[in-house]
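Engineer: Submitted below is the structure of interest, expressed as structure tokens.
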Amino acid sequence: MADTSPIGKIVYNILNTPIPSSLIYPLVAFVTTLLSRANYISDLVLRPNLSVSETYAHAYDFIIVGGGTAGAVIANRLSANSEWKVLLLEAGTDPLILNALPALASANLYHKDTDWNYFSVPQKNHSYASLNQKLGLSRGKSLGGCSNLNFLIYQRGNPQDYDNWANITGDKAWEYKNVLKYFKISEDYRGNFPDPLEKYHGLHGPLSVSKQGHSVLVNEWISAAKEFGFESSDPNGRQTSTFAPVDFTVNHGKRASTYHAFLKEAMPRTNLKIMRYSTVDKITMSGKKAVGVIYTRHGRKFEVRVKKEVILCAGVFGSPSILQRSGIGPKNLLESLNIPVVHDLPGVGQGLQDHVMTMVGPVLLNDSVSILVDKKSNPLSLIEYVLKRTGPLAYNPASVVGFFSTSQPKDPSWPNAAVYMNPFGIHKSYAADIGTSFALKKGILEPYIRGLEDKHALTVLMSLGRPESRGSVKIKSSDPDVPPDIDPNYYSDEGGKDIRAMIEG
């Protein structure tokens, strides 16, 4: 029974008092900095460096560079063989508690302690809303990497993507029918499309895949798509053109990153060594054979040797940068930076593909059906999350997805476009929050939003799944602390297919 006493009413009002949305991002930034400093000091005291000679004396069977989304998985799998000694080098440390909350996904971006905070080179024909036309390119810097910072969407590629890789490489192991078993082995599936016979999904793997606890505008979105002739089917099964609720890498209201799903259980293994705060400079070579790695940790430089393989898992920007600093890459670039050429490999850093995205909206709604952060962010929501792992803090904004084909190429079974619906209304700091999430110029969105605060709305994010444009990653110094030149080069394809597909979508 509800407490109707004066004190009960006061407590109820306090618990339901909205926390100003304008305070959420600064508060997350402050707590992130505080926790990150504490972690660094703890590592400095509890995990001191070995001497240079002691480090060099240790030889590992495998050295994994980068403990992010992929590196965490590989560290688990390799160290499962007790005969192999595995070293994992990670520039960051363990993910923070804030990373676990789905609703804080966008607020967790662009903090220098947990994010590499990359920016592109100035772009030529787009991104005019970005400062100096430089795109913000968030990359996770922690064990688990970008799986600690992304929007938790669980989305495989289309089966034809994998079959195409098999054709390009001449290796049938990449065919979808062959990689499917590995998806299933990894999954603990409790998503929107139950699969008790495990045709497309696994039920006993380490990675939790689940559906949203509650849905907002999902049924309406799917019904509208059906009116246009689209089906609603599992986009992670035999994907075709479809509009469907999103599956998330969430375990009982908490983010299921690869740190939690794969690496944490492997940490007690005596044959796995994890070195946090270790920034890799380059791979050491003997001729064209990798024999070790040079890295910096807590201000000191070390060299460590490897018996079998160095495995680069430093991400789409980090891995080519390390190769180039190691003398593996385009000869002209390496010689211009006085880096000895080990192997002239022009393709290193070329062929960058990214799913260019644009935001459509906010689209104002007549009915009060969207989520208004200003009304949902209160102490009661925090208590609900702590006790039950439910409520607004467990909610992910990208609740539903649509895949379809534009007219070029027109192949409904291999969609080239995706749209994500975000059922959030316009809260008071809406413009500033969107600007922070996309690293836009300060104040650029406010004139468009002014006067619309507290209105119910939705936003659609449109993305190209198979862009024609290609970009590049090039180091501009042999110093690992100098970020590379990253050029996504969106909308640069001959014939302008990408921009036409985006407009059509």
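Residues in the structure tokens are named by chain (A, B, ... in the order shown) and by number from 1 within that chain; ligands are numbered from 1 in the order shown.
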When you look at Trp116 of chain A with a cut-off of 12 Å (counting only C-alpha atoms), what residues show up, excluding the ones that are within fewer than 4 positions of it in the same chain? I need them as an NGL selection string.
Structural biologist: :A and (91-92 or 109-112 or 136-142 or 145-146 or 149 or 279 or 314-315 or 317-318 or 481-484)
Engineer: Find the residues near Asp485 of chain A: any atom within 8 Å, counting only C-alpha atoms, skip ones fewer than 6 places away on the same chain, and give them as a PyMOL selection string.
Structural biologist: chain A and resi 120-121+473-476
Engineer: What's around Lys441 of chain A at 9 Å? Count only C-alpha atoms, leave out sequence neighbours fewer than 2 positions away in its own chain, and write the answer as an MDAnalysis selection string.
Structural biologist: chainID A and resid 129:132 435:436 439 443:445
Engineer: Rounded to one decimal place, report the atom CA of Phe230 of chain A-atom CA of Gly213 of chain A distance in Å.
Structural biologist: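 Pair atom CA of Phe230 of chain A / atom CA of Gly213 of chain A returns 24.8 Å.
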Engineer: Among segment 122-223 of chain A, which residues does DSSP mark as strand (DSSP E or B) when it is run on the backbone? Keep the chain and numbering as in the structure and answer as a list in words.
Structural biologist: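 Matching residues, listed in order: Ser130, Gly136, Leu137, Gly140, Ser142, Ile153, Glu187, Asp188, Tyr189, Arg190, Leu207, Ser208, Val209, Ser210 and Lys211 of chain A.
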Engineer: Work out how far atom CA of Val400 of chain A is from atom CA of Ala431 of chain A, in Å to one decimal.
Structural biologist: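 If I compute the distance from atom CA of Ala431 of chain A to atom CA of Val400 of chain A, I get 22.4 Å.
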Engineer: Rank nothing, just name the residue among A:Asn150, A:Gln408, A:Thr459, A:Asn422 nearest to Glu504 of chain A, using only C-alpha atoms.
Structural biologist: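 Looking at the shortest contact to Glu504 of chain A, the residue is A:Gln408.
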Engineer: I want to know what sits within 12 Å of Ser223 of chain A, based on only C-alpha atoms, with residues of the same chain fewer than 5 positions away left out; could you give that as a ChimeraX atom specification?
Structural biologist: /A:217-218,228-232,242-245,400
Engineer: Keeping only N, CA and C atoms, take the residues you just selected and write them out as a short mmCIF file (atom, residue, chain, number, x, y, z; two decimals), in the first residue's frame.
Structural biologist:
data_model
loop_
_atom_site.label_atom_id
_atom_site.label_comp_id
_atom_site.auth_asym_id
_atom_site.auth_seq_id
_atom_site.Cartn_x
_atom_site.Cartn_y
_atom_site.Cartn_z
N LEU A 217 7.15 2.31 -29.54
CA LEU A 217 6.92 2.57 -30.96
C LEU A 217 7.42 1.46 -31.88
N VAL A 218 7.83 0.34 -31.33
CA VAL A 218 8.35 -0.75 -32.15
C VAL A 218 7.24 -1.34 -33.02
N PHE A 228 4.23 -0.94 -46.45
CA PHE A 228 5.05 -0.71 -47.65
C PHE A 228 5.56 -2.01 -48.26
N GLY A 229 5.08 -3.13 -47.74
CA GLY A 229 5.42 -4.41 -48.34
C GLY A 229 6.61 -5.13 -47.74
N PHE A 230 7.15 -4.60 -46.64
CA PHE A 230 8.31 -5.25 -46.01
C PHE A 230 7.84 -6.31 -45.01
N GLU A 231 8.66 -7.33 -44.85
CA GLU A 231 8.41 -8.37 -43.86
C GLU A 231 9.10 -8.00 -42.55
N SER A 232 8.79 -8.75 -41.51
CA SER A 232 9.50 -8.63 -40.24
C SER A 232 10.09 -9.99 -39.90
N THR A 242 14.11 -6.38 -44.35
CA THR A 242 13.25 -6.64 -43.19
C THR A 242 13.24 -5.45 -42.24
N PHE A 243 12.17 -5.31 -41.50
CA PHE A 243 12.08 -4.34 -40.42
C PHE A 243 11.77 -5.13 -39.15
N ALA A 244 12.60 -4.95 -38.13
CA ALA A 244 12.49 -5.84 -36.97
C ALA A 244 13.01 -5.15 -35.71
N PRO A 245 12.56 -5.63 -34.53
CA PRO A 245 13.15 -5.13 -33.28
C PRO A 245 14.61 -5.55 -33.19
N VAL A 400 14.69 -0.36 -32.95
CA VAL A 400 14.19 -1.13 -34.10
C VAL A 400 15.01 -0.78 -35.33
#
Engineer: For a quick check of understanding, using only C-alpha atoms, which of A:Val348, A:Gly170, A:Val86, A:Ser319 has the smallest distance to Lys331 of chain A?
Structural biologist: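 Closest residue, counting only C-alpha atoms: A:Val348.
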Engineer: Could you check which of A:Tyr395, A:Tyr259, A:Asp493, A:Ile328 is closest to Ala70 of chain A, using only C-alpha atoms?
Structural biologist: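 Ranking A:Tyr395, A:Tyr259, A:Asp493, A:Ile328 by distance to Ala70 of chain A, first place goes to A:Tyr259.
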Engineer: How many Å separate atom CA of Phe62 of chain A from atom CA of Gln350 of chain A?
Structural biologist: 26.7 Å
Engineer: Name the closest residue to Ile222 of chain A among the candidates A:Pro102, A:Gly402, A:Gly253, A:Pro412; distances are taken between atoms, counting only C-alpha atoms.
Structural biologist: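 Closest to Ile222 of chain A, using only C-alpha atoms: A:Gly402.
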Engineer: Which residue gives the smallest distance to Ser370 of chain A among A:Glu468, A:Glu220, A:Glu446, A:Asp247, with only C-alpha atoms counted?
Structural biologist: A:Glu220
Engineer: Set the distance at 10 Å and use only C-alpha atoms: which residues neighbour segment 194-199 of chain A once local chain neighbours fewer than 2 positions away are removed? I'd like the list as number ranges by chain.
Structural biologist: A: 180-181, 184, 189-192, 201-203, 234, 237
Engineer: Could those selected residues go to a file with N, CA, C and O atoms, as a PDB file, in the first residue's frame?
Structural biologist:
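Dumped to selection-v5.pdb:
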ATOM      1  N   LEU A 180      28.782 -19.636 -39.669  1.00  0.00           N
ATOM      2  CA  LEU A 180      27.585 -19.624 -38.835  1.00  0.00           C
ATOM      3  C   LEU A 180      27.788 -20.373 -37.521  1.00  0.00           C
ATOM      4  O   LEU A 180      27.324 -19.943 -36.464  1.00  0.00           O
ATOM      5  N   LYS A 181      28.488 -21.489 -37.565  1.00  0.00           N
ATOM      6  CA  LYS A 181      28.675 -22.284 -36.349  1.00  0.00           C
ATOM      7  C   LYS A 181      29.426 -21.504 -35.274  1.00  0.00           C
ATOM      8  O   LYS A 181      29.212 -21.712 -34.074  1.00  0.00           O
ATOM      9  N   LYS A 184      27.042 -19.200 -33.526  1.00  0.00           N
ATOM     10  CA  LYS A 184      26.197 -19.969 -32.620  1.00  0.00           C
ATOM     11  C   LYS A 184      26.949 -20.407 -31.370  1.00  0.00           C
ATOM     12  O   LYS A 184      26.395 -20.390 -30.257  1.00  0.00           O
ATOM     13  N   TYR A 189      21.548 -16.932 -26.665  1.00  0.00           N
ATOM     14  CA  TYR A 189      20.526 -16.125 -27.331  1.00  0.00           C
ATOM     15  C   TYR A 189      19.195 -16.154 -26.593  1.00  0.00           C
ATOM     16  O   TYR A 189      18.604 -17.207 -26.374  1.00  0.00           O
ATOM     17  N   ARG A 190      18.736 -14.941 -26.232  1.00  0.00           N
ATOM     18  CA  ARG A 190      17.422 -14.756 -25.625  1.00  0.00           C
ATOM     19  C   ARG A 190      16.740 -13.546 -26.266  1.00  0.00           C
ATOM     20  O   ARG A 190      16.150 -12.715 -25.602  1.00  0.00           O
ATOM     21  N   GLY A 191      16.877 -13.475 -27.603  1.00  0.00           N
ATOM     22  CA  GLY A 191      16.443 -12.302 -28.331  1.00  0.00           C
ATOM     23  C   GLY A 191      15.008 -12.342 -28.814  1.00  0.00           C
ATOM     24  O   GLY A 191      14.165 -13.088 -28.313  1.00  0.00           O
ATOM     25  N   ASN A 192      14.749 -11.534 -29.827  1.00  0.00           N
ATOM     26  CA  ASN A 192      13.391 -11.341 -30.326  1.00  0.00           C
ATOM     27  C   ASN A 192      12.880 -12.481 -31.196  1.00  0.00           C
ATOM     28  O   ASN A 192      11.679 -12.545 -31.472  1.00  0.00           O
ATOM     29  N   HIS A 201      20.870 -19.579 -34.155  1.00  0.00           N
ATOM     30  CA  HIS A 201      21.353 -19.008 -32.902  1.00  0.00           C
ATOM     31  C   HIS A 201      21.750 -20.105 -31.916  1.00  0.00           C
ATOM     32  O   HIS A 201      21.136 -21.173 -31.870  1.00  0.00           O
ATOM     33  N   GLY A 202      22.780 -19.788 -31.112  1.00  0.00           N
ATOM     34  CA  GLY A 202      23.197 -20.691 -30.051  1.00  0.00           C
ATOM     35  C   GLY A 202      22.591 -20.297 -28.730  1.00  0.00           C
ATOM     36  O   GLY A 202      22.249 -19.131 -28.503  1.00  0.00           O
ATOM     37  N   LEU A 203      22.464 -21.248 -27.848  1.00  0.00           N
ATOM     38  CA  LEU A 203      21.788 -21.013 -26.570  1.00  0.00           C
ATOM     39  C   LEU A 203      22.699 -21.180 -25.362  1.00  0.00           C
ATOM     40  O   LEU A 203      22.256 -20.955 -24.229  1.00  0.00           O
ATOM     41  N   ASP A 234      14.024 -12.208 -38.768  1.00  0.00           N
ATOM     42  CA  ASP A 234      15.267 -12.124 -38.006  1.00  0.00           C
ATOM     43  C   ASP A 234      16.405 -11.580 -38.873  1.00  0.00           C
ATOM     44  O   ASP A 234      16.860 -12.246 -39.801  1.00  0.00           O
ATOM     45  N   GLY A 237      19.434 -13.893 -38.981  1.00  0.00           N
ATOM     46  CA  GLY A 237      19.279 -15.237 -39.529  1.00  0.00           C
ATOM     47  C   GLY A 237      19.691 -15.221 -40.984  1.00  0.00           C
ATOM     48  O   GLY A 237      20.795 -14.823 -41.330  1.00  0.00           O
TER      49      GLY A 237
END
Engineer: For segment 282-338 of chain A versus segment 43-60 of chain A, which residues have an atom no more than 9 Å away, and what is each residue's nearest atom pair and distance in Å rounded to one decimal, using only C-alpha atoms, chain-then-number order, as CSV?
Structural biologist:
residue,atom,partner,partner_atom,distance
A:Gly292,CA,A:Ala59,CA,8.5
A:Arg297,CA,A:Asn49,CA,7.5
A:His298,CA,A:Leu44,CA,7.4
A:Arg300,CA,A:Asn49,CA,8.4
A:Lys301,CA,A:Val52,CA,7.8
A:Phe302,CA,A:Val52,CA,5.8
A:Glu303,CA,A:Tyr56,CA,5.7
A:Val304,CA,A:Tyr56,CA,4.8
A:Arg305,CA,A:Ala59,CA,4.8
A:Val306,CA,A:Tyr60,CA,4.8
A:Lys307,CA,A:Tyr60,CA,6.0
A:Lys308,CA,A:Tyr60,CA,7.9
A:Glu309,CA,A:Tyr60,CA,8.9
Engineer: When DSSP is applied to the backbone of this structure, which of segment 224-462 of chain A are assigned helix (DSSP H, G or I)? Write them out as a PyMOL selection string.
Structural biologist: chain A and resi 224-227+258-266+315-325+331-336+373-376+379-388+392-394+430-437+446-449
Engineer: Using C-alpha atoms, can you write the selected residues to a file as a PDB file, in the first residue's frame?
Structural biologist:
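Final file, out_5.pdb:
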ATOM      1  CA  ALA A 224       4.151   0.943 -41.026  1.00  0.00           C
ATOM      2  CA  ALA A 225       6.884  -1.045 -42.805  1.00  0.00           C
ATOM      3  CA  LYS A 226       4.442  -3.859 -43.553  1.00  0.00           C
ATOM      4  CA  GLU A 227       2.157  -1.340 -45.247  1.00  0.00           C
ATOM      5  CA  THR A 258      33.623  -9.022 -24.807  1.00  0.00           C
ATOM      6  CA  TYR A 259      35.443  -8.186 -21.574  1.00  0.00           C
ATOM      7  CA  HIS A 260      32.563  -9.605 -19.527  1.00  0.00           C
ATOM      8  CA  ALA A 261      31.607 -12.357 -21.973  1.00  0.00           C
ATOM      9  CA  PHE A 262      35.044 -13.733 -22.882  1.00  0.00           C
ATOM     10  CA  LEU A 263      38.018 -12.208 -21.088  1.00  0.00           C
ATOM     11  CA  LYS A 264      36.938 -12.053 -17.451  1.00  0.00           C
ATOM     12  CA  GLU A 265      36.578 -15.825 -17.126  1.00  0.00           C
ATOM     13  CA  ALA A 266      40.038 -16.321 -18.656  1.00  0.00           C
ATOM     14  CA  GLY A 315      41.390  -1.831 -34.384  1.00  0.00           C
ATOM     15  CA  VAL A 316      40.769  -0.396 -37.812  1.00  0.00           C
ATOM     16  CA  PHE A 317      42.935   2.657 -37.078  1.00  0.00           C
ATOM     17  CA  GLY A 318      45.484   1.207 -34.652  1.00  0.00           C
ATOM     18  CA  SER A 319      46.496  -1.950 -36.537  1.00  0.00           C
ATOM     19  CA  PRO A 320      47.610  -0.282 -39.806  1.00  0.00           C
ATOM     20  CA  SER A 321      49.375   2.425 -37.770  1.00  0.00           C
ATOM     21  CA  ILE A 322      51.426  -0.184 -35.892  1.00  0.00           C
ATOM     22  CA  LEU A 323      52.272  -1.999 -39.126  1.00  0.00           C
ATOM     23  CA  GLN A 324      53.439   1.245 -40.732  1.00  0.00           C
ATOM     24  CA  ARG A 325      55.608   2.159 -37.710  1.00  0.00           C
ATOM     25  CA  LYS A 331      57.330   2.595 -49.242  1.00  0.00           C
ATOM     26  CA  ASN A 332      56.889   6.293 -50.052  1.00  0.00           C
ATOM     27  CA  LEU A 333      55.108   6.962 -46.764  1.00  0.00           C
ATOM     28  CA  LEU A 334      57.666   5.064 -44.662  1.00  0.00           C
ATOM     29  CA  GLU A 335      60.670   6.715 -46.317  1.00  0.00           C
ATOM     30  CA  SER A 336      59.130  10.169 -45.850  1.00  0.00           C
ATOM     31  CA  VAL A 373      14.570  11.956 -20.679  1.00  0.00           C
ATOM     32  CA  ASP A 374      13.741  14.928 -18.463  1.00  0.00           C
ATOM     33  CA  LYS A 375      10.766  13.052 -17.037  1.00  0.00           C
ATOM     34  CA  LYS A 376      12.454   9.652 -16.733  1.00  0.00           C
ATOM     35  CA  PRO A 379      16.466   8.976  -8.292  1.00  0.00           C
ATOM     36  CA  LEU A 380      13.671   6.400  -8.508  1.00  0.00           C
ATOM     37  CA  SER A 381      14.983   5.245 -11.902  1.00  0.00           C
ATOM     38  CA  LEU A 382      18.438   4.767 -10.408  1.00  0.00           C
ATOM     39  CA  ILE A 383      17.030   2.753  -7.499  1.00  0.00           C
ATOM     40  CA  GLU A 384      15.019   0.601  -9.899  1.00  0.00           C
ATOM     41  CA  TYR A 385      18.120  -0.134 -11.968  1.00  0.00           C
ATOM     42  CA  VAL A 386      20.269  -0.982  -8.949  1.00  0.00           C
ATOM     43  CA  LEU A 387      17.639  -3.333  -7.500  1.00  0.00           C
ATOM     44  CA  LYS A 388      16.135  -4.865 -10.648  1.00  0.00           C
ATOM     45  CA  PRO A 392      15.029   3.813 -18.119  1.00  0.00           C
ATOM     46  CA  LEU A 393      18.731   3.178 -17.366  1.00  0.00           C
ATOM     47  CA  ALA A 394      18.441  -0.289 -18.935  1.00  0.00           C
ATOM     48  CA  TYR A 430      18.701  17.447 -26.710  1.00  0.00           C
ATOM     49  CA  ALA A 431      20.712  19.656 -29.078  1.00  0.00           C
ATOM     50  CA  ALA A 432      23.823  19.701 -26.876  1.00  0.00           C
ATOM     51  CA  ASP A 433      23.681  15.933 -26.296  1.00  0.00           C
ATOM     52  CA  ILE A 434      23.345  15.130 -30.012  1.00  0.00           C
ATOM     53  CA  GLY A 435      26.186  17.545 -30.717  1.00  0.00           C
ATOM     54  CA  THR A 436      28.411  15.792 -28.188  1.00  0.00           C
ATOM     55  CA  SER A 437      27.542  12.313 -29.488  1.00  0.00           C
ATOM     56  CA  GLU A 446      20.231  24.750 -30.872  1.00  0.00           C
ATOM     57  CA  PRO A 447      18.527  27.099 -33.396  1.00  0.00           C
ATOM     58  CA  TYR A 448      16.735  24.125 -34.961  1.00  0.00           C
ATOM     59  CA  ILE A 449      15.499  22.772 -31.636  1.00  0.00           C
TER      60      ILE A 449
END
Engineer: Using only C-alpha atoms, which residue out of A:Pro159, A:Gly425, A:Pro415, A:Gly347 lies closest to Gly505 of chain A?
Structural biologist: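 Answer, going by the shortest atom-to-atom distance: A:Pro415.
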